[in-house]
Every structure is written in structure tokens, then in C-alpha cells.
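K.L.:
The structure that follows is given in the form of C-alpha cells.
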Amino acid sequence: MIRCHLARMMGEHKMRIADVARETGLSRATVTLLYKETAQKVDLDAIEKLCRLFDCQVGELLELIQE
């Protein structure tokens, strides 16, 4: 299982879904799926935009959880 830490990062930066969508150019639906950790697949471009926005590495945004 892959855990997405977008919700935590948004909280730390006091950002809403609309803020992230506006700043990255991603659709609100894409940001919402990642925020709620319900996304089944994510475009690499979306990951890159989020990493640039939050100045983080991919491993800080996404984490592989051993089951």
C-alpha cells in the first residue's frame, strides 16, 4: 500500500485543496483524490508539481507501507 502525505503537508502549510489546485495547475479532482488517499494512479507530472510546491522529495510525499 502506498500512503500519500499530501493532507499532512497541506496542513503544515495551511493550504486548502483549492490553493494546491491553483498553485500547481492540477485539477481539483486530482488533488482531492490524493488528499483523501483514494487515488488509484497518479501522473508523474502531478507528483512533480506537488514536490515542487512543497519543496520536498517524492519519498516525503509518498511512502510504501509494508502489509
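Convention: chains lettered A, B, ... in C-alpha cells order; per-chain residue numbering from 1; ligands numbered from 1 as shown.
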Give me the residues within 7 Å of Glu63 of chain A as a list in words, counting only C-alpha atoms and dropping any in the same chain fewer than 3 places off.

P.N.:
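Using only C-alpha atoms, the neighbours found are Ile2, Arg3, Cys4 and Gly59 of chain A.
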
K.L.:
Atoms to include: C-alpha atoms. Write the selected residues as a tab-separated table (two decimals), in the first residue's frame.

P.N.:
```tsv
chain	number	residue	atom	x	y	z
A	2	ILE	CA	1.23	3.50	-0.78
A	3	ARG	CA	0.42	6.26	1.67
A	4	CYS	CA	0.19	9.86	0.43
A	59	GLY	CA	9.70	9.88	-0.72
```

K.L.:
Could you give me, as a list of chain:residue names, the residues within 7 Å of segment 11-24 of chain A, counting only C-alpha atoms and dropping anything in the same chain fewer than 5 positions from it?

P.N.:
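Near segment 11-24 of chain A, the qualifying residues are A:Val31, A:Thr32, A:Lys49, A:Leu50, A:Leu53.
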
K.L.:
Next, dump the selected residues to file, keeping only N, CA and C atoms, as a CSV table (one decimal), in the first residue's frame.

P.N.:
```csv
chain,number,residue,atom,x,y,z
A,31,VAL,N,-6.3,16.6,-6.9
A,31,VAL,CA,-5.8,17.0,-5.6
A,31,VAL,C,-6.7,16.3,-4.5
A,32,THR,N,-8.0,16.3,-4.7
A,32,THR,CA,-8.9,15.7,-3.7
A,32,THR,C,-8.6,14.2,-3.6
A,49,LYS,N,4.8,18.3,-9.7
A,49,LYS,CA,4.2,19.6,-9.3
A,49,LYS,C,4.0,19.8,-7.8
A,50,LEU,N,3.6,18.7,-7.2
A,50,LEU,CA,3.4,18.7,-5.8
A,50,LEU,C,4.7,18.8,-5.0
A,53,LEU,N,5.9,22.3,-5.3
A,53,LEU,CA,5.1,23.2,-4.5
A,53,LEU,C,5.6,23.1,-3.0
```

K.L.:
In terms of the shortest atom-to-atom distance over only C-alpha atoms, which of A:Lys41, A:Phe54, A:Gln66, A:Thr30 is closest to Met10 of chain A?

P.N.:
A:Phe54

K.L.:
Have a look at atom CA of Glu67 of chain A and atom CA of Leu6 of chain A and let me know their distance in Å, one decimal.

P.N.:
20.9 Å

K.L.:
Between atom CA of Gly25 of chain A and atom CA of Leu64 of chain A, what is the distance, to one decimal in Å?

P.N.:
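Separation of atom CA of Gly25 of chain A and atom CA of Leu64 of chain A: 26.1 Å.
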
K.L.:
State, in Å with one decimal place, the distance from atom CA of Met1 of chain A to atom CA of Leu33 of chain A.

P.N.:
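We find that atom CA of Met1 of chain A and atom CA of Leu33 of chain A lie 15.3 Å from each other.
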
K.L.:
Using backbone DSSP assignments, extract all strand (DSSP E) residues from segment 1-65 of chain A; output them as a short mmCIF file (atom, residue, chain, number, x, y, z; two decimals) with N, CA and C atoms, in the first residue's frame.

P.N.:
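Contents of out-v3.cif, freshly written:
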```
data_model
loop_
_atom_site.label_atom_id
_atom_site.label_comp_id
_atom_site.auth_asym_id
_atom_site.auth_seq_id
_atom_site.Cartn_x
_atom_site.Cartn_y
_atom_site.Cartn_z
N ILE A 2 0.49 2.24 -0.74
CA ILE A 2 1.23 3.50 -0.78
C ILE A 2 0.43 4.56 -0.05
N ARG A 3 1.06 5.19 0.91
CA ARG A 3 0.42 6.26 1.67
C ARG A 3 0.86 7.61 1.10
N CYS A 4 -0.09 8.51 0.93
CA CYS A 4 0.19 9.86 0.43
C CYS A 4 0.10 10.83 1.61
N LEU A 62 5.15 10.47 -0.86
CA LEU A 62 4.59 9.12 -0.97
C LEU A 62 5.44 8.14 -0.17
N GLU A 63 4.79 7.20 0.52
CA GLU A 63 5.50 6.24 1.33
C GLU A 63 4.93 4.84 1.11
N LEU A 64 5.81 3.88 0.88
CA LEU A 64 5.40 2.49 0.73
C LEU A 64 5.24 1.87 2.10
#
```
